[in-house]
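This is run_3.txt. It holds compact mmCIF, C-alpha atoms.
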```
# COMPACT_ATOMS: atom_id res chain seq x y z
CA MET A 1 13.79 19.29 -2.01
CA THR A 2 14.56 18.49 -5.64
CA LEU A 3 13.65 14.98 -6.77
CA THR A 4 14.10 13.14 -10.04
CA ILE A 5 11.34 10.58 -10.55
CA THR A 6 11.80 7.89 -13.18
CA THR A 7 10.39 4.43 -13.83
CA ALA A 8 12.12 1.08 -13.49
CA ALA A 9 11.62 0.72 -17.24
CA GLU A 10 13.66 3.88 -17.84
CA ARG A 11 16.36 3.19 -15.25
CA PRO A 12 16.61 -0.52 -14.40
CA GLU A 13 20.03 0.10 -12.87
CA LEU A 14 18.24 1.72 -9.90
CA LEU A 15 16.60 -1.54 -8.85
CA GLU A 16 19.51 -2.70 -6.72
CA PRO A 17 19.73 0.54 -4.68
CA LEU A 18 15.92 0.62 -4.58
CA TRP A 19 15.81 -2.67 -2.67
CA GLN A 20 18.64 -1.54 -0.42
CA MET A 21 16.73 1.58 0.65
CA PRO A 22 15.67 1.32 4.33
CA ASP A 23 12.00 1.67 5.17
CA SER A 24 9.80 1.88 8.26
CA TRP A 25 7.24 -0.85 7.57
CA PRO A 26 6.34 -3.03 10.59
CA GLU A 27 7.99 -6.43 10.27
CA PHE A 28 4.72 -8.35 10.31
CA VAL A 29 3.39 -6.39 7.31
CA LEU A 30 6.38 -7.59 5.28
CA ASN A 31 5.17 -11.14 5.92
CA ASP A 32 1.82 -10.74 4.19
CA PRO A 33 2.00 -13.88 1.99
CA ILE A 34 0.48 -12.23 -1.08
CA GLY A 35 2.83 -9.29 -0.76
CA TRP A 36 5.73 -11.69 -0.21
CA ALA A 37 4.91 -13.46 -3.49
CA CYS A 38 4.03 -10.46 -5.64
CA PHE A 39 5.54 -7.23 -4.38
CA GLY A 40 9.12 -7.80 -5.48
CA GLN A 41 7.93 -8.71 -8.97
CA ILE A 42 6.22 -5.37 -9.62
CA PRO A 43 9.30 -3.62 -11.12
CA VAL A 44 9.90 -6.69 -13.30
CA VAL A 45 6.36 -7.38 -14.52
CA PHE A 46 5.11 -3.77 -14.47
CA PRO A 47 8.29 -1.67 -14.82
CA ARG A 48 6.44 1.37 -16.22
CA PHE A 49 4.41 1.51 -13.00
CA ALA A 50 7.37 1.34 -10.60
CA LEU A 51 8.46 4.91 -9.84
CA ILE A 52 11.84 5.54 -8.26
CA ALA A 53 12.79 8.90 -6.75
CA THR A 54 16.39 10.04 -6.45
CA ASN A 55 17.84 13.17 -4.87
CA THR A 56 20.44 15.52 -6.32
CA ASP A 57 23.20 13.12 -5.25
CA GLY A 58 21.56 10.29 -7.18
CA ASP A 59 20.56 8.38 -4.05
CA VAL A 60 17.24 6.51 -4.03
CA VAL A 61 15.06 8.18 -1.39
CA ALA A 62 11.55 6.95 -2.24
CA ARG A 63 9.49 4.60 -4.38
CA ALA A 64 5.90 4.50 -5.60
CA PHE A 65 4.53 1.24 -6.99
CA SER A 66 1.23 0.71 -8.77
CA VAL A 67 -0.28 -2.04 -10.92
CA PRO A 68 -2.74 -2.04 -13.84
CA PHE A 69 -5.74 -4.37 -13.64
CA SER A 70 -9.26 -4.84 -14.98
CA LEU A 71 -11.82 -3.55 -12.50
CA ASN A 72 -14.66 -4.07 -14.96
CA ALA A 73 -13.95 -7.74 -15.68
CA ALA A 74 -16.77 -10.22 -15.15
CA GLY A 75 -17.38 -10.89 -11.47
CA ARG A 76 -15.66 -7.71 -10.30
CA GLN A 77 -17.12 -4.26 -11.07
CA LYS A 78 -16.55 -2.92 -7.57
CA LEU A 79 -13.49 -2.36 -5.43
CA PRO A 80 -12.79 -5.55 -3.46
CA ALA A 81 -13.26 -6.03 0.27
CA ALA A 82 -9.88 -7.78 0.30
CA GLY A 83 -8.27 -4.55 -0.86
CA TRP A 84 -4.48 -4.61 -1.23
CA ASP A 85 -4.19 -8.39 -1.26
CA GLN A 86 -6.96 -8.85 -3.84
CA VAL A 87 -5.86 -6.15 -6.25
CA LEU A 88 -2.37 -7.63 -6.39
CA LEU A 89 -3.85 -11.04 -7.23
CA TRP A 90 -6.09 -9.49 -9.90
CA ALA A 91 -3.22 -7.54 -11.49
CA PHE A 92 -0.86 -10.51 -11.77
CA SER A 93 -3.65 -12.83 -12.91
CA ASP A 94 -4.74 -10.34 -15.58
CA HIS A 95 -1.17 -9.97 -16.80
CA ARG A 96 -0.70 -13.74 -16.99
CA ARG A 97 -3.95 -14.18 -18.94
CA SER A 98 -3.44 -11.08 -21.16
CA VAL A 99 -6.59 -9.40 -19.83
CA ARG A 100 -6.73 -5.76 -20.91
CA PRO A 101 -6.47 -3.47 -17.84
CA ASP A 102 -8.79 -0.52 -17.37
CA THR A 103 -7.68 0.83 -13.97
CA VAL A 104 -4.46 1.39 -12.03
CA SER A 105 -4.16 0.65 -8.32
CA ALA A 106 -1.61 2.21 -6.04
CA ILE A 107 0.25 -0.45 -4.08
CA ASP A 108 3.00 1.26 -2.13
CA ILE A 109 4.59 4.61 -1.44
CA THR A 110 7.66 4.31 0.75
CA ILE A 111 9.96 7.16 1.74
CA ARG A 112 13.39 6.65 3.23
CA PRO A 113 13.00 7.30 6.99
CA ASP A 114 15.52 10.15 7.07
CA HIS A 115 13.42 11.96 4.45
CA HIS A 116 10.12 11.82 6.32
CA GLY A 117 8.46 15.14 7.03
CA ARG A 118 9.60 16.84 3.83
CA GLY A 119 6.34 16.67 1.91
CA LEU A 120 7.48 13.87 -0.37
CA SER A 121 4.29 11.86 0.06
CA ALA A 122 2.26 14.47 -1.83
CA THR A 123 4.91 14.60 -4.55
CA LEU A 124 4.79 10.84 -5.02
CA VAL A 125 0.98 10.66 -5.08
CA ALA A 126 0.99 13.36 -7.77
CA ALA A 127 3.65 11.46 -9.72
CA MET A 128 1.66 8.23 -9.50
CA ARG A 129 -1.46 10.02 -10.77
CA GLU A 130 0.46 11.56 -13.66
CA ASN A 131 2.11 8.26 -14.55
CA ALA A 132 -1.23 6.44 -14.70
CA ALA A 133 -2.68 9.20 -16.87
CA THR A 134 0.37 9.11 -19.16
CA GLU A 135 -0.19 5.36 -19.58
CA GLY A 136 -3.69 6.14 -20.83
CA PHE A 137 -5.79 5.37 -17.74
CA THR A 138 -8.62 7.57 -16.49
CA GLU A 139 -8.76 6.28 -12.91
CA LEU A 140 -6.27 5.51 -10.17
CA VAL A 141 -7.54 3.72 -7.07
CA ALA A 142 -5.65 3.26 -3.82
CA PRO A 143 -6.15 0.84 -0.91
CA VAL A 144 -4.75 3.34 1.56
CA ARG A 145 -3.26 2.08 4.84
CA PRO A 146 -4.02 5.08 7.09
CA THR A 147 -0.88 5.77 9.05
CA GLY A 148 -2.64 7.39 12.01
CA LYS A 149 -4.97 4.46 12.61
CA SER A 150 -2.34 2.51 14.58
CA ALA A 151 -2.83 5.00 17.43
CA HIS A 152 -6.51 3.99 17.56
CA PRO A 153 -6.50 0.19 17.09
CA HIS A 154 -9.94 -0.35 18.62
CA VAL A 155 -11.75 2.31 16.57
CA PRO A 156 -13.56 0.70 13.62
CA MET A 157 -12.12 1.73 10.27
CA THR A 158 -15.65 2.54 9.11
CA GLU A 159 -15.56 5.31 11.72
CA TYR A 160 -11.91 6.34 11.56
CA ALA A 161 -11.79 6.74 7.77
CA PHE A 162 -14.42 9.45 7.84
CA LEU A 163 -13.14 11.54 10.75
CA THR A 164 -12.44 15.08 9.55
CA ARG A 165 -10.73 18.21 10.81
CA PRO A 166 -12.52 21.57 11.05
CA ASP A 167 -11.36 22.34 7.49
CA GLY A 168 -13.19 19.25 6.22
CA LEU A 169 -10.08 17.25 5.37
CA PRO A 170 -9.49 13.78 6.85
CA VAL A 171 -7.87 13.54 10.27
CA ASP A 172 -5.56 10.81 8.99
CA PRO A 173 -2.43 12.21 7.28
CA TRP A 174 -2.28 9.63 4.46
CA LEU A 175 -5.97 9.97 3.65
CA ARG A 176 -5.54 13.74 3.77
CA THR A 177 -2.67 13.56 1.28
CA HIS A 178 -4.82 11.59 -1.17
CA VAL A 179 -7.83 13.88 -0.78
CA ARG A 180 -5.69 16.98 -1.29
CA ALA A 181 -4.38 15.38 -4.49
CA GLY A 182 -7.94 14.97 -5.79
CA GLY A 183 -8.91 11.59 -4.39
CA VAL A 184 -12.32 10.72 -2.99
CA ILE A 185 -12.82 8.21 -0.17
CA ASP A 186 -14.94 5.40 -1.57
CA SER A 187 -15.23 2.55 0.94
CA VAL A 188 -13.49 0.42 3.54
CA ALA A 189 -11.70 -2.78 2.52
CA PRO A 190 -12.16 -4.77 5.76
CA THR A 191 -9.79 -7.65 4.92
CA SER A 192 -7.17 -5.77 2.93
CA MET A 193 -4.01 -7.30 4.43
CA THR A 194 -4.06 -10.67 6.21
CA VAL A 195 -1.00 -12.02 7.98
CA ALA A 196 -1.07 -15.33 9.87
CA GLY A 197 1.81 -16.93 11.68
CA THR A 198 2.84 -19.18 14.54
CA LEU A 199 3.28 -17.59 17.94
CA ASP A 200 7.07 -17.88 17.60
CA GLN A 201 6.86 -15.99 14.32
CA TRP A 202 4.80 -13.22 15.89
CA ARG A 203 7.21 -13.03 18.80
CA SER A 204 10.13 -12.61 16.40
CA TRP A 205 8.26 -9.99 14.36
CA THR A 206 7.10 -7.91 17.33
CA GLY A 207 9.09 -8.80 20.47
CA LEU A 208 5.79 -9.38 22.30
CA ALA A 209 4.91 -12.43 24.41
CA PHE A 210 1.83 -13.65 22.53
CA ASP A 211 0.98 -15.97 25.43
CA LYS A 212 -2.64 -15.03 26.17
CA PRO A 213 -5.75 -15.64 24.06
CA GLY A 214 -7.59 -12.77 22.46
CA PRO A 215 -6.61 -9.41 21.01
CA VAL A 216 -3.01 -8.21 21.19
CA GLU A 217 -2.11 -4.58 20.52
CA VAL A 218 0.96 -4.54 18.28
CA PRO A 219 2.90 -1.31 17.65
CA GLY A 220 2.22 -0.16 14.10
CA ALA A 221 -0.80 -2.46 13.61
CA LEU A 222 -4.07 -0.83 12.57
CA THR A 223 -6.19 -3.33 14.53
CA PRO A 224 -5.48 -5.78 17.37
CA VAL A 225 -3.92 -9.08 16.35
CA HIS A 226 -5.97 -12.15 17.33
CA CYS A 227 -3.95 -14.66 19.36
CA GLU A 228 -4.80 -18.36 19.86
CA PRO A 229 -2.16 -19.88 22.19
CA ASP A 230 -3.90 -23.26 22.39
CA HIS A 231 -3.59 -23.60 18.64
CA ASP A 232 -0.19 -21.88 18.23
CA TYR A 233 -1.17 -19.13 15.82
CA ALA A 234 -2.06 -15.47 15.64
CA VAL A 235 -3.57 -13.56 12.75
CA SER A 236 -3.78 -9.93 11.75
CA VAL A 237 -6.61 -8.83 9.48
CA GLU A 238 -6.11 -5.17 8.63
CA PRO A 239 -8.64 -2.93 6.93
CA ASN A 240 -7.59 -0.33 4.38
CA VAL A 241 -9.55 2.51 2.82
CA TRP A 242 -10.31 2.65 -0.89
CA VAL A 243 -9.69 6.07 -2.43
CA ARG A 244 -10.56 6.84 -6.05
CA HIS A 245 -8.72 9.38 -8.20
CA ASN A 246 -10.46 10.53 -11.38
CA LEU A 247 -7.64 11.29 -13.83
CA ALA A 248 -9.74 12.86 -16.58
CA GLY A 249 -7.97 16.02 -17.69
CA THR A 250 -4.79 15.23 -15.74
CA ARG A 251 -2.69 15.45 -18.93
CA ASP A 252 -4.52 18.44 -20.40
```

Please go through the file and, once you have read it, give me the structure as structure tokens.
Amino acid sequence: MTLTITTAAERPELLEPLWQMPDSWPEFVLNDPIGWACFGQIPVVFPRFALIATNTDGDVVARAFSVPFSLNAAGRQKLPAAGWDQVLLWAFSDHRRSVRPDTVSAIDITIRPDHHGRGLSATLVAAMRENAATEGFTELVAPVRPTGKSAHPHVPMTEYAFLTRPDGLPVDPWLRTHVRAGGVIDSVAPTSMTVAGTLDQWRSWTGLAFDKPGPVEVPGALTPVHCEPDHDYAVSVEPNVWVRHNLAGTRD
């Protein structure tokens, strides 16, 4: 299908329909406290890195958010174990302190549910790569949340991330999309997204009982959620997979 992809800087009037676009994220993921604090500010603080896709009718059908940050700042130098959560904190901290960024991190690609299965994910990864290169960066990194992992919650991510098909491409569809676009799997971020809540909160997010101690399999979760009924809390600690995209020559 034909898409028009622009940035929030170019078309700020699309922000309202952008936030009205339905998505398919599990409810508990939307309650990641770092995401809750930072995600909605990306189009405001980093408008040139907020891509918005519209169809021929002008309807918003997808978004692709990324953030610039300094990977080579003192005390960093390697992709963080805390993945998605940490890179958001780094990006907003760097912006606040006027630290010069040297890398762009993907944060989110979301496609309207009725447009799934049309190959838009590859289009948006390519657009994110091109946008980062246009902004003068030579590397895009991505803390990928592998969509197929939720079907295998007890398989360690260190194993799942490197499962391949006979053609050598990753078994996971999101990892496969990134690799086809030129990305290379780098490492696992074991504590990429952490969500803690009371048992009542988890019940409202999932519809599950959360009345027994130990691991709870939650639909859409990449790993079991740990439940502590005696202490009235449960916590999800999800791993992601760091993928690196070398952008050298992307604009040639």

Could you check the closest approach to A:Thr103 for each of A:Asn246, A:Thr123, A:Ala181, A:Ala82 and tell me which residue wins, using only C-alpha atoms?
A:Asn246

Would you write out, as a Markdown table, a table of all residues in stretch 186-242 of chain A that have an atom no more than 12 Å from an atom of stretch 160-169 of chain A, listing for each the closest atom pair and the distance in Å to one decimal, considering all atoms listed in the file and ordering rows by chain and rising residue number?
```
| residue | atom | partner | partner_atom | distance |
| --- | --- | --- | --- | --- |
| A:Asp186 | CA | A:Ala161 | CA | 9.9 |
| A:Ser187 | CA | A:Ala161 | CA | 8.7 |
| A:Val188 | CA | A:Ala161 | CA | 7.8 |
| A:Ala189 | CA | A:Ala161 | CA | 10.9 |
| A:Pro190 | CA | A:Ala161 | CA | 11.7 |
| A:Leu222 | CA | A:Tyr160 | CA | 10.7 |
| A:Thr223 | CA | A:Tyr160 | CA | 11.6 |
| A:Pro239 | CA | A:Ala161 | CA | 10.2 |
| A:Asn240 | CA | A:Ala161 | CA | 8.9 |
| A:Val241 | CA | A:Ala161 | CA | 6.9 |
| A:Trp242 | CA | A:Ala161 | CA | 9.7 |
```

Those residues with C-alpha atoms, as an mmCIF file, in the frame of the given file please?
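result.cif, written as the output of this step:
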```
data_model
loop_
_atom_site.group_PDB
_atom_site.id
_atom_site.type_symbol
_atom_site.label_atom_id
_atom_site.label_comp_id
_atom_site.auth_asym_id
_atom_site.auth_seq_id
_atom_site.Cartn_x
_atom_site.Cartn_y
_atom_site.Cartn_z
ATOM 1 C CA ASP A 186 -14.940 5.400 -1.570
ATOM 2 C CA SER A 187 -15.230 2.550 0.940
ATOM 3 C CA VAL A 188 -13.490 0.420 3.540
ATOM 4 C CA ALA A 189 -11.700 -2.780 2.520
ATOM 5 C CA PRO A 190 -12.160 -4.770 5.760
ATOM 6 C CA LEU A 222 -4.070 -0.830 12.570
ATOM 7 C CA THR A 223 -6.190 -3.330 14.530
ATOM 8 C CA PRO A 239 -8.640 -2.930 6.930
ATOM 9 C CA ASN A 240 -7.590 -0.330 4.380
ATOM 10 C CA VAL A 241 -9.550 2.510 2.820
ATOM 11 C CA TRP A 242 -10.310 2.650 -0.890
#
```

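Minimum atom-to-atom distance to A:Thr7, evaluated using only C-alpha atoms, belongs to A:Pro43 out of A:Gly249, A:Pro146, A:Pro224, A:Pro43.
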
Excluding A:Arg96 and residues on its chain fewer than 6 positions from it, collect all residues at most 12 Å away from it, counting only C-alpha atoms, and give them as a VMD selection string.
chain A and resid 45 to 46 69 89 to 90

Residues just named, written with C-alpha atoms as a compact mmCIF listing (two decimals), keeping the file's coordinate frame:
```txt
# COMPACT_ATOMS: atom_id res chain seq x y z
CA VAL A 45 6.36 -7.38 -14.52
CA PHE A 46 5.11 -3.77 -14.47
CA PHE A 69 -5.74 -4.37 -13.64
CA LEU A 89 -3.85 -11.04 -7.23
CA TRP A 90 -6.09 -9.49 -9.90
```

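Residue nearest A:Ala50 within the list A:Leu18, A:Ala73, A:Trp25, A:Glu217: A:Leu18 [criterion: smallest interatomic distance, only C-alpha atoms].
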
Long-range neighbours of A:Asp85 as a PyMOL selection string, 7 Å cut-off, all atoms listed in the file, 6 positions minimum in chain:
chain A and resi 34+192-193

Mind writing the picked residues with C-alpha atoms as a PDB file, in the coordinates of the input?
```
ATOM      1  CA  ILE A  34       0.480 -12.230  -1.080  1.00  0.00           C
ATOM      2  CA  SER A 192      -7.170  -5.770   2.930  1.00  0.00           C
ATOM      3  CA  MET A 193      -4.010  -7.300   4.430  1.00  0.00           C
TER       4      MET A 193
END
```

Counting only C-alpha atoms, the option among A:Val171, A:Ala142, A:Cys38, A:Val29 closest to A:Ser236:
A:Val29

What is the distance, in Å and to one decimal place, between atom CA of A:Val195 and atom CA of A:Asn31?
6.6 Å

Atom CA of A:Pro170 to atom CA of A:Arg112, distance in Å rounded to a single decimal
24.2 Å

Counting only C-alpha atoms, which residues sit no farther than 12 Å from the position (-1.4, 4.5, -10.9) in the file's frame? I'd like them as a ChimeraX atom specification.
/A:46,48-51,64-69,101-109,124-143,243-247

Output stretch 89-100 of chain A with all heavy atoms present, as a short mmCIF file (atom, residue, chain, number, x, y, z; two decimals), in the frame of the given file.
```cif
data_model
loop_
_atom_site.label_atom_id
_atom_site.label_comp_id
_atom_site.auth_asym_id
_atom_site.auth_seq_id
_atom_site.Cartn_x
_atom_site.Cartn_y
_atom_site.Cartn_z
N LEU A 89 -3.51 -9.78 -6.56
CA LEU A 89 -3.85 -11.04 -7.23
C LEU A 89 -4.51 -10.78 -8.57
O LEU A 89 -4.21 -11.44 -9.57
CB LEU A 89 -4.77 -11.87 -6.33
CG LEU A 89 -4.14 -12.41 -5.05
CD1 LEU A 89 -5.19 -13.11 -4.20
CD2 LEU A 89 -3.00 -13.37 -5.36
N TRP A 90 -5.43 -9.82 -8.63
CA TRP A 90 -6.09 -9.49 -9.90
C TRP A 90 -5.07 -9.02 -10.94
O TRP A 90 -5.11 -9.44 -12.09
CB TRP A 90 -7.14 -8.42 -9.68
CG TRP A 90 -8.43 -8.92 -9.11
CD1 TRP A 90 -8.79 -10.22 -8.90
CD2 TRP A 90 -9.54 -8.13 -8.68
NE1 TRP A 90 -10.05 -10.28 -8.36
CE2 TRP A 90 -10.54 -9.03 -8.22
CE3 TRP A 90 -9.79 -6.75 -8.64
CZ2 TRP A 90 -11.78 -8.58 -7.74
CZ3 TRP A 90 -11.02 -6.31 -8.15
CH2 TRP A 90 -12.00 -7.21 -7.71
N ALA A 91 -4.17 -8.12 -10.54
CA ALA A 91 -3.22 -7.54 -11.49
C ALA A 91 -2.32 -8.62 -12.09
O ALA A 91 -2.11 -8.67 -13.31
CB ALA A 91 -2.39 -6.46 -10.81
N PHE A 92 -1.77 -9.49 -11.26
CA PHE A 92 -0.86 -10.51 -11.77
C PHE A 92 -1.62 -11.58 -12.56
O PHE A 92 -1.11 -12.09 -13.56
CB PHE A 92 -0.04 -11.12 -10.64
CG PHE A 92 1.14 -10.28 -10.24
CD1 PHE A 92 1.01 -9.25 -9.32
CD2 PHE A 92 2.38 -10.48 -10.83
CE1 PHE A 92 2.09 -8.45 -8.98
CE2 PHE A 92 3.47 -9.69 -10.50
CZ PHE A 92 3.32 -8.67 -9.57
N SER A 93 -2.83 -11.89 -12.14
CA SER A 93 -3.65 -12.83 -12.91
C SER A 93 -4.01 -12.25 -14.27
O SER A 93 -3.93 -12.95 -15.30
CB SER A 93 -4.93 -13.17 -12.13
OG SER A 93 -5.79 -13.97 -12.91
N ASP A 94 -4.39 -10.97 -14.30
CA ASP A 94 -4.74 -10.34 -15.58
C ASP A 94 -3.54 -10.31 -16.52
O ASP A 94 -3.66 -10.56 -17.72
CB ASP A 94 -5.25 -8.91 -15.34
CG ASP A 94 -6.62 -8.88 -14.67
OD1 ASP A 94 -7.26 -9.94 -14.59
OD2 ASP A 94 -7.03 -7.78 -14.24
N HIS A 95 -2.38 -10.00 -15.98
CA HIS A 95 -1.17 -9.97 -16.80
C HIS A 95 -0.88 -11.36 -17.38
O HIS A 95 -0.58 -11.49 -18.57
CB HIS A 95 0.02 -9.50 -15.96
CG HIS A 95 1.33 -9.57 -16.68
ND1 HIS A 95 1.71 -8.64 -17.63
CD2 HIS A 95 2.33 -10.48 -16.61
CE1 HIS A 95 2.90 -8.97 -18.10
NE2 HIS A 95 3.30 -10.08 -17.50
N ARG A 96 -0.99 -12.37 -16.55
CA ARG A 96 -0.70 -13.74 -16.99
C ARG A 96 -1.67 -14.19 -18.08
O ARG A 96 -1.29 -14.90 -19.02
CB ARG A 96 -0.78 -14.68 -15.79
CG ARG A 96 -0.38 -16.13 -16.10
CD ARG A 96 -0.38 -16.98 -14.85
NE ARG A 96 -1.70 -17.13 -14.25
CZ ARG A 96 -2.11 -16.54 -13.15
NH1 ARG A 96 -1.28 -15.73 -12.49
NH2 ARG A 96 -3.31 -16.74 -12.66
N ARG A 97 -2.94 -13.74 -17.99
CA ARG A 97 -3.95 -14.18 -18.94
C ARG A 97 -4.20 -13.17 -20.06
O ARG A 97 -5.11 -13.31 -20.86
CB ARG A 97 -5.27 -14.45 -18.20
CG ARG A 97 -5.17 -15.60 -17.20
CD ARG A 97 -6.49 -15.86 -16.49
NE ARG A 97 -6.87 -14.73 -15.64
CZ ARG A 97 -7.98 -14.01 -15.80
NH1 ARG A 97 -8.81 -14.28 -16.79
NH2 ARG A 97 -8.25 -13.02 -14.98
N SER A 98 -3.35 -12.12 -20.12
CA SER A 98 -3.44 -11.08 -21.16
C SER A 98 -4.80 -10.39 -21.16
O SER A 98 -5.36 -10.05 -22.21
CB SER A 98 -3.15 -11.66 -22.54
OG SER A 98 -1.84 -12.19 -22.59
N VAL A 99 -5.36 -10.15 -19.97
CA VAL A 99 -6.59 -9.40 -19.83
C VAL A 99 -6.26 -7.91 -19.91
O VAL A 99 -5.34 -7.44 -19.24
CB VAL A 99 -7.29 -9.71 -18.49
CG1 VAL A 99 -8.51 -8.81 -18.29
CG2 VAL A 99 -7.68 -11.18 -18.43
N ARG A 100 -6.99 -7.18 -20.71
CA ARG A 100 -6.73 -5.76 -20.91
C ARG A 100 -7.09 -4.98 -19.63
O ARG A 100 -8.23 -5.03 -19.18
CB ARG A 100 -7.53 -5.23 -22.09
CG ARG A 100 -7.26 -3.76 -22.42
CD ARG A 100 -8.12 -3.31 -23.59
NE ARG A 100 -7.89 -1.92 -23.93
CZ ARG A 100 -6.97 -1.49 -24.78
NH1 ARG A 100 -6.18 -2.38 -25.37
NH2 ARG A 100 -6.83 -0.22 -25.04
#
```
